[in-house]
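Text of protein-v7.cif, listed as mmCIF, C-alpha atoms:
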```cif
data_upload
loop_
_atom_site.label_atom_id
_atom_site.label_comp_id
_atom_site.auth_asym_id
_atom_site.auth_seq_id
_atom_site.Cartn_x
_atom_site.Cartn_y
_atom_site.Cartn_z
CA MET J 1 0.00 0.00 0.00
CA SER J 2 1.37 3.38 -0.96
CA ARG J 3 2.19 6.00 1.64
CA ARG J 4 -0.43 8.32 0.12
CA LEU J 5 -3.12 5.63 0.50
CA VAL J 6 -2.11 4.96 4.11
CA VAL J 7 -2.39 8.67 4.98
CA ALA J 8 -5.77 8.92 3.22
CA SER J 9 -7.09 5.87 5.06
CA ALA J 10 -5.92 7.27 8.40
CA ALA J 11 -7.62 10.58 7.65
CA ILE J 12 -10.91 8.84 6.84
CA ALA J 13 -10.70 6.77 10.05
CA LEU J 14 -10.04 9.91 12.10
CA ALA J 15 -12.97 11.69 10.50
CA LEU J 16 -15.30 8.78 11.18
CA SER J 17 -14.07 8.58 14.78
CA SER J 18 -14.60 12.31 15.28
CA ALA J 19 -18.08 12.10 13.79
CA GLY J 20 -18.93 9.25 16.16
CA HIS J 21 -17.76 11.26 19.17
CA ALA J 22 -19.79 14.26 18.04
CA GLN J 23 -22.93 12.12 17.93
CA THR J 24 -22.33 10.61 21.39
CA PRO J 25 -21.48 13.31 23.96
CA PRO J 26 -18.98 12.16 26.60
CA GLU J 27 -20.22 11.33 30.07
CA ARG J 28 -20.08 14.16 32.57
CA TRP J 29 -21.27 14.79 36.09
CA ILE J 30 -23.89 17.44 36.75
CA PRO J 31 -25.64 18.55 39.95
CA THR J 32 -29.31 17.61 40.17
CA TRP J 33 -30.02 18.89 43.70
CA ALA J 34 -28.18 21.32 45.95
CA ALA J 35 -28.56 23.08 49.30
CA PRO J 36 -26.16 25.97 50.06
CA ASP J 37 -24.48 25.67 53.43
CA VAL J 38 -24.31 28.03 56.38
CA ALA J 39 -22.90 27.77 59.90
CA ARG J 40 -25.11 27.08 62.89
CA VAL J 41 -23.27 28.23 65.99
CA ASP J 42 -24.96 27.08 69.19
CA GLN J 43 -22.02 26.47 71.51
CA PRO J 44 -20.82 28.96 74.13
CA ALA J 45 -19.60 32.25 72.75
CA GLN J 46 -15.92 31.35 73.13
CA ALA J 47 -16.38 28.47 70.68
CA LEU J 48 -16.72 31.04 67.92
CA THR J 49 -12.95 31.39 67.93
CA ALA J 50 -12.16 27.69 68.17
CA ALA J 51 -9.00 26.60 66.39
CA GLY J 52 -8.12 30.23 65.79
CA GLN J 53 -11.07 30.71 63.41
CA THR J 54 -13.87 33.24 63.60
CA PHE J 55 -17.31 33.01 62.08
CA PRO J 56 -18.52 36.48 61.09
CA TRP J 57 -21.19 34.91 58.89
CA ALA J 58 -23.01 33.38 61.88
CA ASN J 59 -25.54 36.19 61.87
CA ASP J 60 -28.48 33.83 62.21
CA VAL J 61 -27.63 34.29 65.89
CA PRO J 62 -28.58 37.71 67.32
CA GLN J 63 -25.60 39.96 68.04
CA ALA J 64 -26.44 40.36 71.71
CA VAL J 65 -26.60 36.61 72.14
CA ARG J 66 -23.39 35.98 70.21
CA GLU J 67 -21.64 38.26 72.68
CA ALA J 68 -23.05 36.34 75.64
CA ALA J 69 -20.86 35.49 78.59
CA PRO J 70 -18.81 32.31 78.27
CA GLY J 71 -20.89 29.26 79.10
CA GLN J 72 -24.19 30.79 78.09
CA GLN J 73 -25.92 28.79 75.34
CA LEU J 74 -26.71 30.69 72.21
CA GLU J 75 -30.22 30.82 70.88
CA ILE J 76 -30.73 29.95 67.24
CA ALA J 77 -33.03 31.80 64.88
CA GLY J 78 -34.09 30.27 61.62
CA GLY J 79 -33.05 26.62 61.80
CA SER J 80 -33.47 23.28 63.53
CA ARG J 81 -31.69 23.05 66.89
CA LEU J 82 -31.07 19.31 66.59
CA HIS J 83 -27.82 17.59 67.41
CA PHE J 84 -27.08 13.94 66.63
CA ASN J 85 -25.52 11.23 68.78
CA ASP J 86 -25.21 7.65 67.50
CA GLN J 87 -28.14 8.29 65.14
CA THR J 88 -28.91 8.03 61.45
CA LEU J 89 -30.10 11.03 59.47
CA ARG J 90 -32.36 10.26 56.49
CA GLN J 91 -32.67 13.22 54.12
CA VAL J 92 -34.83 13.62 51.03
CA ALA J 93 -33.58 15.29 47.84
CA ARG J 94 -36.01 15.92 44.97
CA VAL J 95 -33.77 15.69 41.92
CA SER J 96 -34.24 17.75 38.80
CA MET J 97 -32.52 15.53 36.23
CA GLY J 98 -32.19 11.77 36.49
CA GLY J 99 -29.36 9.50 35.45
CA GLY J 100 -27.94 6.01 35.66
CA ARG J 101 -25.15 6.75 38.14
CA VAL J 102 -25.17 8.86 41.27
CA ARG J 103 -22.72 10.43 43.66
CA VAL J 104 -23.29 12.52 46.78
CA VAL J 105 -21.32 15.47 48.15
CA LEU J 106 -21.11 15.82 51.93
CA THR J 107 -19.95 18.97 53.65
CA ASN J 108 -18.19 20.10 56.80
CA THR J 109 -17.58 23.56 55.37
CA PHE J 110 -18.00 25.46 58.63
CA GLY J 111 -16.88 22.77 61.07
CA THR J 112 -13.79 23.20 63.23
CA VAL J 113 -13.30 19.48 63.92
CA PRO J 114 -13.57 16.44 61.62
CA LEU J 115 -17.09 15.19 60.90
CA ARG J 116 -17.10 11.41 61.27
CA ILE J 117 -19.43 9.43 59.05
CA GLY J 118 -20.13 5.89 60.30
CA ALA J 119 -22.02 4.84 57.18
CA ALA J 120 -23.67 6.45 54.16
CA GLN J 121 -26.17 5.14 51.63
CA VAL J 122 -28.34 6.48 48.83
CA ALA J 123 -31.69 5.05 47.73
CA LEU J 124 -34.95 5.82 45.97
CA ARG J 125 -37.66 7.05 48.28
CA ASP J 126 -40.95 5.19 48.51
CA ARG J 127 -43.10 7.39 50.74
CA GLY J 128 -42.56 9.21 54.02
CA PRO J 129 -39.36 7.90 55.62
CA SER J 130 -39.43 4.59 53.69
CA ILE J 131 -37.27 3.64 50.71
CA VAL J 132 -37.87 1.34 47.77
CA ALA J 133 -36.63 -2.10 48.78
CA GLY J 134 -33.45 -3.08 46.95
CA SER J 135 -32.69 0.42 45.71
CA ASN J 136 -30.20 1.27 48.47
CA ARG J 137 -26.53 1.59 47.55
CA VAL J 138 -23.61 1.83 49.99
CA LEU J 139 -21.55 4.99 49.52
CA THR J 140 -17.79 5.12 49.89
CA PHE J 141 -15.49 8.10 49.70
CA GLY J 142 -12.19 7.41 48.01
CA GLY J 143 -12.79 3.80 48.94
CA LEU J 144 -13.54 4.56 52.60
CA ALA J 145 -16.89 3.52 54.03
CA GLN J 146 -16.32 5.50 57.24
CA PRO J 147 -14.63 8.75 56.27
CA ALA J 148 -13.81 11.70 58.49
CA ILE J 149 -14.49 14.97 56.67
CA PRO J 150 -11.83 17.51 57.67
CA PRO J 151 -12.79 20.96 58.94
CA GLY J 152 -13.79 23.23 56.08
CA ALA J 153 -13.90 20.39 53.56
CA LEU J 154 -16.26 18.64 51.17
CA MET J 155 -16.15 14.95 50.29
CA VAL J 156 -17.46 13.50 47.03
CA SER J 157 -18.66 9.91 47.17
CA ASP J 158 -17.53 7.25 44.76
CA PRO J 159 -20.15 6.72 42.01
CA VAL J 160 -22.82 4.04 42.41
CA ASP J 161 -25.08 2.57 39.75
CA LEU J 162 -28.68 3.56 40.39
CA ALA J 163 -31.39 4.29 37.82
CA VAL J 164 -32.83 7.62 38.93
CA PRO J 165 -35.85 9.00 37.04
CA ASP J 166 -36.24 12.72 36.43
CA PHE J 167 -37.94 14.44 39.39
CA ALA J 168 -37.48 11.43 41.66
CA ASP J 169 -37.07 11.64 45.42
CA LEU J 170 -33.69 10.34 46.49
CA VAL J 171 -32.88 9.49 50.08
CA VAL J 172 -29.41 10.02 51.54
CA ASP J 173 -28.70 8.22 54.83
CA LEU J 174 -25.89 9.36 57.11
CA TYR J 175 -25.02 7.43 60.24
CA LEU J 176 -23.34 9.81 62.69
CA PRO J 177 -21.65 7.72 65.40
CA GLY J 178 -20.36 10.65 67.42
CA ASP J 179 -22.06 13.35 69.47
CA THR J 180 -22.23 16.54 67.41
CA ALA J 181 -23.05 18.60 70.50
CA ALA J 182 -19.96 17.35 72.35
CA ALA J 183 -17.81 18.27 69.33
CA ARG J 184 -18.41 21.96 70.16
CA SER J 185 -18.10 22.82 66.48
CA PRO J 186 -20.32 24.95 64.25
CA VAL J 187 -22.77 22.72 62.42
CA THR J 188 -22.86 22.95 58.62
CA TYR J 189 -26.49 22.94 57.53
CA HIS J 190 -29.16 24.47 55.31
CA PRO J 191 -31.60 26.22 57.66
CA ALA J 192 -34.83 26.04 55.65
CA SER J 193 -35.11 22.99 53.45
CA TRP J 194 -38.94 23.06 53.27
CA GLN J 195 -38.56 19.28 53.21
CA THR J 196 -39.14 16.96 56.15
CA ASN J 197 -36.00 14.99 56.98
CA TYR J 198 -35.88 12.15 59.48
CA VAL J 199 -33.73 11.26 62.49
CA SER J 200 -33.56 7.68 63.75
CA THR J 201 -33.56 6.06 67.10
CA GLN J 202 -30.11 5.08 68.35
CA GLY J 203 -27.84 3.18 65.97
CA ASN J 204 -26.92 2.66 62.34
CA HIS J 205 -30.07 2.36 60.24
CA ALA J 206 -28.58 3.34 56.89
CA GLY J 207 -30.38 1.51 54.11
CA ALA J 208 -33.27 0.30 56.28
CA VAL J 209 -36.46 0.06 54.23
CA ALA J 210 -38.62 0.94 57.22
CA PHE J 211 -36.82 3.72 59.04
CA PRO J 212 -37.22 3.92 62.84
CA VAL J 213 -38.05 7.61 63.25
CA ALA J 214 -37.28 9.25 66.59
CA THR J 215 -37.87 12.81 65.36
CA THR J 216 -37.60 15.01 62.29
CA THR J 217 -35.62 18.13 61.43
CA ALA J 218 -38.82 20.20 61.41
CA TYR J 219 -38.96 23.32 63.57
CA ARG J 220 -41.12 26.40 63.98
CA ARG J 221 -39.61 29.74 63.11
CA GLY J 222 -39.83 32.84 65.24
CA ASP J 223 -42.68 34.08 63.05
CA GLY J 224 -44.58 30.84 63.65
CA LEU J 225 -44.01 29.38 60.19
CA ALA J 226 -43.14 25.67 60.10
CA SER J 227 -40.02 24.62 58.19
CA ALA J 228 -37.24 22.03 58.39
CA SER J 229 -33.47 21.89 57.97
CA SER J 230 -30.99 19.65 56.17
CA PHE J 231 -27.55 18.78 57.54
CA PHE J 232 -24.12 18.02 56.07
CA LEU J 233 -25.54 17.42 52.57
CA SER J 234 -24.26 19.79 49.90
CA ARG J 235 -25.47 18.30 46.63
CA VAL J 236 -26.40 15.23 44.61
CA GLU J 237 -24.91 14.64 41.17
CA VAL J 238 -25.77 12.31 38.30
CA VAL J 239 -23.99 11.25 35.13
CA THR J 240 -25.46 12.39 31.86
CA THR J 241 -24.44 11.46 28.33
CA GLN J 242 -26.95 13.79 26.73
CA SER J 243 -26.60 17.45 25.94
CA THR J 244 -27.79 18.84 29.26
CA GLY J 245 -27.54 22.34 30.70
CA VAL J 246 -27.30 23.25 34.37
CA LEU J 247 -29.05 26.29 35.79
CA VAL J 248 -28.15 27.52 39.29
CA ALA J 249 -30.85 29.76 40.77
CA PHE J 250 -28.89 32.08 43.08
CA GLY J 251 -30.86 34.08 45.60
CA ASP J 252 -32.46 34.50 49.01
CA SER J 253 -35.59 33.15 50.69
CA ILE J 254 -37.79 33.83 47.65
CA THR J 255 -35.60 31.43 45.67
CA ASP J 256 -35.15 29.09 48.65
CA GLY J 257 -38.95 28.71 48.75
CA THR J 258 -40.22 30.39 51.90
CA GLN J 259 -44.03 30.10 52.07
CA SER J 260 -44.11 27.60 49.17
CA GLY J 261 -45.24 24.86 51.58
CA MET J 262 -43.62 21.94 53.36
CA ASP J 263 -42.79 18.90 51.22
CA GLN J 264 -44.49 20.47 48.20
CA ASN J 265 -41.49 21.14 45.90
CA ARG J 266 -43.22 24.24 44.58
CA ARG J 267 -40.37 26.72 44.78
CA TRP J 268 -40.13 28.71 41.55
CA PRO J 269 -36.97 26.81 40.46
CA ASN J 270 -38.88 23.50 40.88
CA LEU J 271 -41.72 24.85 38.76
CA LEU J 272 -39.34 26.15 36.10
CA ALA J 273 -37.62 22.75 35.92
CA ALA J 274 -41.01 21.13 35.23
CA ARG J 275 -41.77 23.66 32.46
CA LEU J 276 -38.41 23.04 30.81
CA ALA J 277 -38.92 19.28 30.91
CA GLU J 278 -42.39 19.60 29.38
CA ALA J 279 -40.87 21.65 26.56
CA GLY J 280 -38.21 19.02 25.91
CA ILE J 281 -35.37 21.24 27.11
CA ARG J 282 -32.82 19.18 29.04
CA MET J 283 -31.81 21.48 31.86
CA SER J 284 -30.99 20.53 35.43
CA VAL J 285 -32.19 23.26 37.80
CA VAL J 286 -30.54 23.47 41.23
CA ASN J 287 -31.43 25.83 44.04
CA GLY J 288 -28.77 28.25 45.26
CA GLY J 289 -31.02 30.22 47.60
CA ILE J 290 -30.47 30.94 51.29
CA GLY J 291 -33.19 32.64 53.32
CA GLY J 292 -32.00 36.00 54.61
CA GLY J 293 -29.22 36.17 52.00
CA ARG J 294 -27.83 39.52 50.90
CA VAL J 295 -25.52 40.81 48.19
CA LEU J 296 -23.11 42.77 50.35
CA GLU J 297 -23.49 41.86 54.03
CA ASP J 298 -23.54 38.60 55.92
CA GLY J 299 -26.99 37.52 57.01
CA VAL J 300 -28.10 33.92 57.46
CA GLY J 301 -24.88 32.75 55.90
CA PRO J 302 -22.11 34.58 54.07
CA ASN J 303 -22.90 37.49 51.79
CA GLY J 304 -23.59 36.70 48.15
CA LEU J 305 -20.22 37.89 46.90
CA ALA J 306 -18.48 35.61 49.42
CA ARG J 307 -20.46 32.47 48.58
CA PHE J 308 -20.88 32.86 44.81
CA ASP J 309 -17.87 30.72 43.91
CA ARG J 310 -18.84 27.84 46.21
CA ASP J 311 -22.56 27.84 45.49
CA VAL J 312 -22.55 28.67 41.76
CA LEU J 313 -19.20 28.43 40.00
CA ALA J 314 -18.20 25.19 41.73
CA GLN J 315 -21.30 23.40 40.44
CA ALA J 316 -20.07 20.89 37.88
CA GLY J 317 -21.23 21.62 34.36
CA ALA J 318 -23.03 24.85 35.21
CA THR J 319 -24.16 26.67 32.05
CA HIS J 320 -26.61 29.29 33.38
CA VAL J 321 -27.19 31.29 36.54
CA THR J 322 -30.09 33.49 37.59
CA VAL J 323 -29.50 36.16 40.22
CA MET J 324 -32.32 37.41 42.44
CA LEU J 325 -30.69 39.11 45.39
CA GLY J 326 -30.83 42.46 47.13
CA ILE J 327 -34.20 42.79 48.89
CA ASN J 328 -32.66 41.94 52.28
CA ASP J 329 -29.86 44.47 51.76
CA ILE J 330 -32.54 47.06 51.01
CA GLY J 331 -34.96 46.05 53.74
CA ASN J 332 -32.37 45.77 56.49
CA GLY J 333 -30.96 49.12 55.40
CA GLY J 334 -34.28 50.74 56.28
CA ALA J 335 -34.23 54.48 55.78
CA ARG J 336 -30.42 54.67 55.89
CA PRO J 337 -28.54 55.71 52.75
CA ASP J 338 -26.44 52.55 52.82
CA PRO J 339 -26.27 50.27 51.07
CA SER J 340 -26.66 52.58 48.12
CA VAL J 341 -28.13 51.56 44.79
CA ALA J 342 -24.69 52.10 43.25
CA GLU J 343 -23.18 49.64 45.73
CA LEU J 344 -25.85 47.05 44.97
CA ILE J 345 -25.33 47.49 41.23
CA ALA J 346 -21.59 47.06 41.71
CA GLY J 347 -22.29 43.80 43.53
CA HIS J 348 -24.48 42.57 40.69
CA ARG J 349 -21.78 43.47 38.19
CA GLN J 350 -19.39 41.28 40.16
CA PHE J 351 -21.76 38.32 39.82
CA ILE J 352 -22.02 38.95 36.08
CA GLU J 353 -18.29 39.22 35.46
CA ARG J 354 -17.43 36.17 37.55
CA ALA J 355 -20.11 34.07 35.86
CA ARG J 356 -19.06 35.09 32.37
CA ALA J 357 -15.42 34.36 33.15
CA ARG J 358 -16.53 30.72 33.57
CA GLY J 359 -18.58 30.77 30.38
CA LEU J 360 -22.01 30.93 32.07
CA ARG J 361 -24.98 32.84 30.72
CA VAL J 362 -26.25 35.08 33.52
CA TYR J 363 -29.82 36.33 33.87
CA GLY J 364 -30.96 39.01 36.31
CA ALA J 365 -34.28 38.82 38.15
CA THR J 366 -36.11 41.92 39.32
CA LEU J 367 -37.00 42.19 43.02
CA THR J 368 -40.65 41.55 43.84
CA PRO J 369 -42.80 44.17 45.66
CA PHE J 370 -42.66 44.22 49.46
CA GLN J 371 -44.77 47.09 50.77
CA GLY J 372 -46.39 45.91 53.97
CA ALA J 373 -43.42 43.77 54.99
CA ALA J 374 -41.95 44.47 58.42
CA TYR J 375 -38.85 46.18 57.00
CA TRP J 376 -40.45 48.17 54.15
CA THR J 377 -39.71 51.91 54.02
CA PRO J 378 -40.30 54.53 51.32
CA GLU J 379 -36.51 54.89 51.03
CA GLY J 380 -36.13 51.16 50.54
CA GLU J 381 -38.88 51.13 47.94
CA ALA J 382 -37.06 53.81 45.97
CA LYS J 383 -33.93 51.64 46.02
CA ARG J 384 -35.86 48.57 44.86
CA GLN J 385 -37.33 50.46 41.94
CA ALA J 386 -33.96 51.95 40.98
CA LEU J 387 -32.21 48.57 41.13
CA ASN J 388 -35.00 46.96 39.11
CA GLU J 389 -34.76 49.68 36.48
CA TRP J 390 -31.03 49.00 36.11
CA ILE J 391 -31.62 45.23 35.87
CA ARG J 392 -34.26 45.79 33.16
CA THR J 393 -32.53 48.47 31.08
CA GLY J 394 -28.85 48.51 32.03
CA GLY J 395 -27.91 45.86 29.46
CA ALA J 396 -25.47 44.18 31.86
CA TYR J 397 -27.36 40.89 32.17
CA ASP J 398 -27.77 38.53 29.25
CA ALA J 399 -31.53 38.54 29.86
CA VAL J 400 -34.04 39.66 32.46
CA LEU J 401 -36.59 37.64 34.45
CA ASP J 402 -39.16 40.29 35.39
CA PHE J 403 -40.54 38.76 38.55
CA ALA J 404 -41.66 42.18 39.81
CA ALA J 405 -43.95 42.64 36.82
CA ALA J 406 -45.26 39.08 37.18
CA THR J 407 -46.33 39.50 40.82
CA GLN J 408 -47.14 43.18 41.38
CA ASP J 409 -50.64 44.54 41.80
CA PRO J 410 -51.32 46.73 38.75
CA ALA J 411 -53.35 49.12 40.91
CA HIS J 412 -50.61 49.26 43.59
CA PRO J 413 -47.23 48.36 41.98
CA THR J 414 -45.39 48.62 45.31
CA ARG J 415 -47.45 45.67 46.57
CA MET J 416 -47.95 42.12 45.35
CA ARG J 417 -51.29 41.04 43.94
CA PRO J 418 -53.38 39.73 46.85
CA GLU J 419 -53.46 36.24 45.34
CA HIS J 420 -49.66 36.30 44.95
CA ASP J 421 -49.01 37.44 48.53
CA SER J 422 -48.43 34.74 51.16
CA GLY J 423 -49.64 37.15 53.81
CA ASP J 424 -46.31 38.48 55.04
CA HIS J 425 -46.14 40.90 52.09
CA LEU J 426 -42.61 39.77 51.27
CA HIS J 427 -42.76 36.15 50.14
CA PRO J 428 -45.01 35.01 47.32
CA SER J 429 -47.81 32.52 47.87
CA PRO J 430 -47.77 29.24 45.92
CA ALA J 431 -49.77 31.08 43.26
CA GLY J 432 -47.14 33.81 43.26
CA TYR J 433 -44.31 31.31 42.78
CA THR J 434 -46.27 29.78 39.91
CA ALA J 435 -46.68 33.20 38.31
CA MET J 436 -42.93 33.79 38.61
CA ALA J 437 -42.05 30.47 36.97
CA ASN J 438 -44.63 30.94 34.23
CA SER J 439 -43.33 34.42 33.41
CA ILE J 440 -39.91 33.10 32.35
CA ASP J 441 -39.21 32.83 28.63
CA ILE J 442 -38.02 29.23 28.41
CA GLY J 443 -36.58 30.03 25.02
CA LEU J 444 -33.68 31.53 26.98
CA PHE J 445 -32.59 27.97 27.73
CA ARG J 446 -33.30 26.36 24.40
CA GLY J 447 -30.33 25.29 22.30
CA ALA J 448 -27.82 26.66 24.81
CA ASN J 449 -26.95 23.36 26.49
CA HIS J 450 -23.45 22.00 26.45
#
```

This entry written out as structure tokens:
Amino acid sequence: MSRRLVVASAAIALALSSAGHAQTPPERWIPTWAAPDVARVDQPAQALTAAGQTFPWANDVPQAVREAAPGQQLEIAGGSRLHFNDQTLRQVARVSMGGGRVRVVLTNTFGTVPLRIGAAQVALRDRGPSIVAGSNRVLTFGGLAQPAIPPGALMVSDPVDLAVPDFADLVVDLYLPGDTAAARSPVTYHPASWQTNYVSTQGNHAGAVAFPVATTTAYRRGDGLASASSFFLSRVEVVTTQSTGVLVAFGDSITDGTQSGMDQNRRWPNLLAARLAEAGIRMSVVNGGIGGGRVLEDGVGPNGLARFDRDVLAQAGATHVTVMLGINDIGNGGARPDPSVAELIAGHRQFIERARARGLRVYGATLTPFQGAAYWTPEGEAKRQALNEWIRTGGAYDAVLDFAAATQDPAHPTRMRPEHDSGDHLHPSPAGYTAMANSIDIGLFRGANH
């Protein structure tokens, strides 16, 4: 065979190989559920400086209480007070996108001592605290079945084969052999999961079909509203071989789902995910909201600029991000001149630049009306309207989700429509969340997957 023929044959083979790869996208991991982490500090005040670290983000604890005398127990606002001692925690994650292989990411982001895991499993949920028999899979972490997660660290489990349908409920079991209260370490958790999670009687019950429930992570907030927390669980990921996008919805309690109902999965990101699926758009939608979150200052968790990398840019395969953040900066500012609109805009520009540097499309969401809320002021309303005008017309975002227009009362634009108001005049009702999700142009996500 001549040299020319050999070269031509090799070129044809390479072309055919390349064409085959183009038709079959490579496998990649994507997040299908997430819960941003914050620190729960409920040990004596001196524990805040344990191991030479400080926790300025622990503002879910009132300032006066955080400065309590040594030995005084701190009161917690906005999350479950539970500790765990030789118990199994069964947590429910409603996935967005399914897949044939799963891995779980555990977190000790704000801990000051190692978090010891005695056993971990993942399974398909049946109903309540029960799992589908035979669906449970043992999780290991770098081959270890009983890892210790170092302070400040995440651990990604080894993959397991499990057929997970779209919008399925997964269960993640964590057996915690130690006493988390005795560890005197900040607890890494998500304060308001709006999902009931279960705590066992004493012992390792990971993978049990019928789970022996001692209690749940439900609690009642200071305003009387029932919620629940999740603990030590950062995200769930699946393998996809299809062209699938990943949207991270970054925001505060209105993205987190306050007033959307317990165990209902009717946060606006959940509803958007369902719309995208119905339209045949393969897009995993994960929630990056933290109730009380702000752009510039720490609230319940670190400020938005501080947590953006961990909660958005670190999400594997992220292609899109929506940003709805600023109402707590404005509301907590009251009638004061700070934070100024210019400062809030500068913060939003930071989100945009950092997202684009990673190749993400970034969409801005206008802030919904809040007149009647406890922290509404005319000065704050003027800031909301000015920030919304910049989001709509400034041209900085790739597109705009006009949630304010979708929920406001046409006769009183500073207020939500009565049917969209949950009653606290800040958070939408389930109908309001539906209106928000339905207002989004899903064409923004069509054909942009990679």

Given the PyMOL selection byres ((chain J and resi 172-185) around 6), the residues it picks as a PDB file with C-alpha atoms, in the frame of the given file:
```pdb
ATOM      1  CA  GLN J  43     -22.020  26.470  71.510  1.00  0.00           C
ATOM      2  CA  HIS J  83     -27.820  17.590  67.410  1.00  0.00           C
ATOM      3  CA  PHE J  84     -27.080  13.940  66.630  1.00  0.00           C
ATOM      4  CA  ASN J  85     -25.520  11.230  68.780  1.00  0.00           C
ATOM      5  CA  ASP J  86     -25.210   7.650  67.500  1.00  0.00           C
ATOM      6  CA  GLN J  87     -28.140   8.290  65.140  1.00  0.00           C
ATOM      7  CA  THR J  88     -28.910   8.030  61.450  1.00  0.00           C
ATOM      8  CA  LEU J  89     -30.100  11.030  59.470  1.00  0.00           C
ATOM      9  CA  ARG J  90     -32.360  10.260  56.490  1.00  0.00           C
ATOM     10  CA  GLN J  91     -32.670  13.220  54.120  1.00  0.00           C
ATOM     11  CA  GLY J 111     -16.880  22.770  61.070  1.00  0.00           C
ATOM     12  CA  THR J 112     -13.790  23.200  63.230  1.00  0.00           C
ATOM     13  CA  ILE J 117     -19.430   9.430  59.050  1.00  0.00           C
ATOM     14  CA  GLY J 118     -20.130   5.890  60.300  1.00  0.00           C
ATOM     15  CA  ALA J 119     -22.020   4.840  57.180  1.00  0.00           C
ATOM     16  CA  ALA J 120     -23.670   6.450  54.160  1.00  0.00           C
ATOM     17  CA  GLN J 121     -26.170   5.140  51.630  1.00  0.00           C
ATOM     18  CA  VAL J 122     -28.340   6.480  48.830  1.00  0.00           C
ATOM     19  CA  VAL J 171     -32.880   9.490  50.080  1.00  0.00           C
ATOM     20  CA  PRO J 186     -20.320  24.950  64.250  1.00  0.00           C
ATOM     21  CA  ASN J 204     -26.920   2.660  62.340  1.00  0.00           C
ATOM     22  CA  ALA J 206     -28.580   3.340  56.890  1.00  0.00           C
TER      23      ALA J 206
END
```

Using only C-alpha atoms, what table do you get, as a tab-separated table, when you list each residue of range 182-223 of chain J with an atom no more than 12 Å from range 126-142 of chain J, its nearest pair of atoms, and their distance in Å rounded to one decimal, rows by chain then rising number?
```
residue	atom	partner	partner_atom	distance
J:Gln195	CA	J:Gly128	CA	10.9
J:Thr196	CA	J:Gly128	CA	8.7
J:Asn197	CA	J:Pro129	CA	8.0
J:Tyr198	CA	J:Pro129	CA	6.7
J:Val199	CA	J:Pro129	CA	9.5
J:Ser200	CA	J:Pro129	CA	10.0
J:His205	CA	J:Ser130	CA	11.6
J:Ala206	CA	J:Val138	CA	8.6
J:Gly207	CA	J:Asn136	CA	5.6
J:Ala208	CA	J:Ile131	CA	7.6
J:Val209	CA	J:Ile131	CA	5.1
J:Ala210	CA	J:Ser130	CA	5.1
J:Phe211	CA	J:Pro129	CA	6.0
J:Pro212	CA	J:Pro129	CA	8.5
J:Val213	CA	J:Pro129	CA	7.7
J:Ala214	CA	J:Pro129	CA	11.2
J:Thr215	CA	J:Pro129	CA	11.0
J:Thr216	CA	J:Pro129	CA	9.9
```

Which distance in Å separates CA of Arg294 in chain J and CA of Met155 in chain J, to one decimal?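 Separation between CA of Arg294 in chain J and CA of Met155 in chain J: 27.2 Å.
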
Separation of CA of Pro269 in chain J from CA of Thr407 in chain J, in Å and rounded to one decimal: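 Separation of CA of Pro269 in chain J and CA of Thr407 in chain J: 15.8 Å.
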
Contacts of Pro428 in chain J within 9 Å, only C-alpha atoms, excl. fewer than 5 positions in-chain, as a VMD selection string: chain J and resid 254 257 to 260 368 407 416 419 to 423 433

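All residues of protein, DNA or RNA that reach within 10 Å of Gly79 in chain J, judged by only C-alpha atoms and not counting those fewer than 5 positions away in the chain, are Arg40, Asp60, Tyr189, His190, Pro191, Ala192, Ser193, Thr217, Ala218, Tyr219, Arg220, Arg221, Gly222, Ser227, Ala228, Ser229, Ser230 and Val300 of chain J.
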
What does the file look like for those residues with C-alpha atoms, as a PDB file, in the frame of the given file?
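Result file follows (out_21.pdb):
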```pdb
ATOM      1  CA  ARG J  40     -25.110  27.080  62.890  1.00  0.00           C
ATOM      2  CA  ASP J  60     -28.480  33.830  62.210  1.00  0.00           C
ATOM      3  CA  TYR J 189     -26.490  22.940  57.530  1.00  0.00           C
ATOM      4  CA  HIS J 190     -29.160  24.470  55.310  1.00  0.00           C
ATOM      5  CA  PRO J 191     -31.600  26.220  57.660  1.00  0.00           C
ATOM      6  CA  ALA J 192     -34.830  26.040  55.650  1.00  0.00           C
ATOM      7  CA  SER J 193     -35.110  22.990  53.450  1.00  0.00           C
ATOM      8  CA  THR J 217     -35.620  18.130  61.430  1.00  0.00           C
ATOM      9  CA  ALA J 218     -38.820  20.200  61.410  1.00  0.00           C
ATOM     10  CA  TYR J 219     -38.960  23.320  63.570  1.00  0.00           C
ATOM     11  CA  ARG J 220     -41.120  26.400  63.980  1.00  0.00           C
ATOM     12  CA  ARG J 221     -39.610  29.740  63.110  1.00  0.00           C
ATOM     13  CA  GLY J 222     -39.830  32.840  65.240  1.00  0.00           C
ATOM     14  CA  SER J 227     -40.020  24.620  58.190  1.00  0.00           C
ATOM     15  CA  ALA J 228     -37.240  22.030  58.390  1.00  0.00           C
ATOM     16  CA  SER J 229     -33.470  21.890  57.970  1.00  0.00           C
ATOM     17  CA  SER J 230     -30.990  19.650  56.170  1.00  0.00           C
ATOM     18  CA  VAL J 300     -28.100  33.920  57.460  1.00  0.00           C
TER      19      VAL J 300
END
```

Distance of CA of Val323 in chain J from CA of Phe351 in chain J, expressed in Å to one decimal place: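 Between these atoms lies a distance of 8.0 Å.
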
Would you please work out which residue, of J:Arg415, J:Leu276, J:Met262, J:Thr319, is nearest to Gly443 in chain J when using only C-alpha atoms? J:Leu276

Given the file shown, determine the residues that the PyMOL selection byres ((chain J and resi 366) around 6) selects; report them as a compact mmCIF listing (two decimals) with C-alpha atoms, in the coordinates of the input.
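As written to disk, result-v1.txt reads:
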```
# COMPACT_ATOMS: atom_id res chain seq x y z
CA ALA J 365 -34.28 38.82 38.15
CA LEU J 367 -37.00 42.19 43.02
CA ASN J 388 -35.00 46.96 39.11
CA ASP J 402 -39.16 40.29 35.39
CA PHE J 403 -40.54 38.76 38.55
CA ALA J 404 -41.66 42.18 39.81
```
